[in-house]
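*Asks:* Here you go, one structure.
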Amino acid sequence: AKLAGILGEMVPGGRASFGIGGNTTGRAADAPTGIGRAIATLPDLVDHPESRQRLLEAFVPRLLALLAEMAADPDALAARYRPLCALAGRDVTVFRGPTPEDGVDRVHGPCLGIDRYGALVIDTVAGRLHLESGSLTDPAAAWRGPAAG
């Protein structure tokens with residue numbers, strides 16, 4: 001179940017912007033049908049909400065230490081996250097950006113893990129693909145919140 005995520009985005013000038021988000025409130029059982037099985041929340045794991053201040057106080061020093069480690073050894077991050085890929089060995093479908101035909105590009109096949117650059121490696125009928133972006137959630141099934149009314 002997904003507890004948190006990182007969003008990376010290219011911005012003008014060839015720079016990158018990153019955001020980190022986590023499910024810090026609510027309960028998976030209260031999420032819409034289908035979504036609740038795919039997510040986890042901090043209150044589900046520790047049985048109470050935690051203040052964002054306390055989470056940041058715990059997270060930021062660890063992030064800064066990791067950044068320093070990466071500056072000393074560019075392969076340090078890959079060495080940490082590659083063994084943790086929960087998708088390795090599983091068949092996956094990755095949904096990517098809009099296409100003129102049907103609006104969504106789908107890539108399907110067994111996941112071979114994550115390469116040293118952070119791309120998800122999928123073995124497809126067209127060959128091995130290294131995907132740098134995409135979603136495991138079908139855009140048609142994504143929860144958009146309560147209907148406006």
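Residues are named by chain letter and number: chains run A, B, ... in the order of the structure tokens, numbers start at 1 in each chain, and ligands are numbered from 1 in the order shown.
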Run DSSP on the backbone of this structure and report the residues of region 46-116 of chain A it assigns to strand (DSSP E or B), as a list of chain:residue names.
*Replies:*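 Matching residues for strand (DSSP E or B) in region 46-116 of chain A are A:Asp91, A:Val92, A:Thr93, A:Val94, A:Phe95, A:Arg96, A:Asp105, A:Arg106, A:Val107, A:His108, A:Gly109, A:Pro110, A:Cys111, A:Leu112, A:Gly113, A:Ile114.
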*Asks:* Skip Gly5 (chain A) itself and residues of its chain fewer than 2 positions away, then list as a PyMOL selection string all residues within 12 Å of it, counting only C-alpha atoms.
*Replies:* chain A and resi 1-3+7-8+18-24+39-40+135
*Asks:* Mind listing the alpha helix (DSSP H) residues of region 2-144 of chain A, per DSSP on the backbone, as a PyMOL selection string?
*Replies:* chain A and resi 42-46+52-72+76-81
*Asks:* Excluding same-chain residues fewer than 6 positions from region 106-114 of chain A, what lies within 6 Å of it counting only C-alpha atoms, as a PyMOL selection string?
*Replies:* chain A and resi 82+88-95+120-124
*Asks:* Using the selection just defined, write its residues with N, CA and C atoms as a CSV table (one decimal), in the first residue's frame.
*Replies:*
```
chain,number,residue,atom,x,y,z
A,82,ARG,N,17.1,0.4,-4.8
A,82,ARG,CA,16.9,-0.7,-5.8
A,82,ARG,C,16.4,-2.0,-5.1
A,88,ALA,N,9.3,-5.3,-8.6
A,88,ALA,CA,10.2,-6.3,-9.3
A,88,ALA,C,9.6,-7.7,-9.3
A,89,GLY,N,9.6,-8.3,-10.5
A,89,GLY,CA,9.0,-9.6,-10.6
A,89,GLY,C,7.5,-9.7,-10.8
A,90,ARG,N,6.8,-8.5,-10.7
A,90,ARG,CA,5.4,-8.5,-10.9
A,90,ARG,C,5.0,-8.0,-12.3
A,91,ASP,N,3.9,-8.4,-12.8
A,91,ASP,CA,3.4,-7.8,-14.1
A,91,ASP,C,2.8,-6.5,-13.7
A,92,VAL,N,3.1,-5.5,-14.4
A,92,VAL,CA,2.5,-4.1,-14.1
A,92,VAL,C,2.1,-3.5,-15.4
A,93,THR,N,1.2,-2.6,-15.3
A,93,THR,CA,0.7,-1.7,-16.4
A,93,THR,C,1.0,-0.3,-15.9
A,94,VAL,N,1.8,0.4,-16.7
A,94,VAL,CA,2.2,1.8,-16.4
A,94,VAL,C,1.4,2.7,-17.4
A,95,PHE,N,0.7,3.7,-16.9
A,95,PHE,CA,0.0,4.6,-17.7
A,95,PHE,C,0.8,5.9,-17.9
A,120,LEU,N,12.0,2.9,-14.0
A,120,LEU,CA,11.4,1.6,-13.8
A,120,LEU,C,11.6,0.8,-15.1
A,121,VAL,N,12.1,-0.4,-15.0
A,121,VAL,CA,12.5,-1.2,-16.2
A,121,VAL,C,11.4,-2.3,-16.4
A,122,ILE,N,10.7,-2.2,-17.5
A,122,ILE,CA,9.6,-3.1,-17.9
A,122,ILE,C,10.0,-3.9,-19.1
A,123,ASP,N,9.8,-5.2,-19.1
A,123,ASP,CA,10.1,-6.1,-20.2
A,123,ASP,C,8.8,-6.2,-21.0
A,124,THR,N,8.8,-5.5,-22.1
A,124,THR,CA,7.5,-5.5,-23.0
A,124,THR,C,7.7,-6.4,-24.2
```
*Asks:* In terms of the shortest atom-to-atom distance over only C-alpha atoms, which of A:Leu66, A:Ala119, A:Leu56, A:Ile35 is closest to Cys85 (chain A)?
*Replies:*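 Ranking A:Leu66, A:Ala119, A:Leu56, A:Ile35 by distance to Cys85 (chain A), first place goes to A:Ala119.
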*Asks:* Could you please determine the separation between CA of Leu63 (chain A) and CA of Ile6 (chain A) in Å, to one decimal place?
*Replies:* 12.9 Å
*Asks:* Looking at only C-alpha atoms, which of A:Gly36, A:Gly118, A:Thr137, A:Ala28 is the one that sits closest to Ala78 (chain A)?
*Replies:*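 The closest residue to Ala78 (chain A) is A:Gly118.
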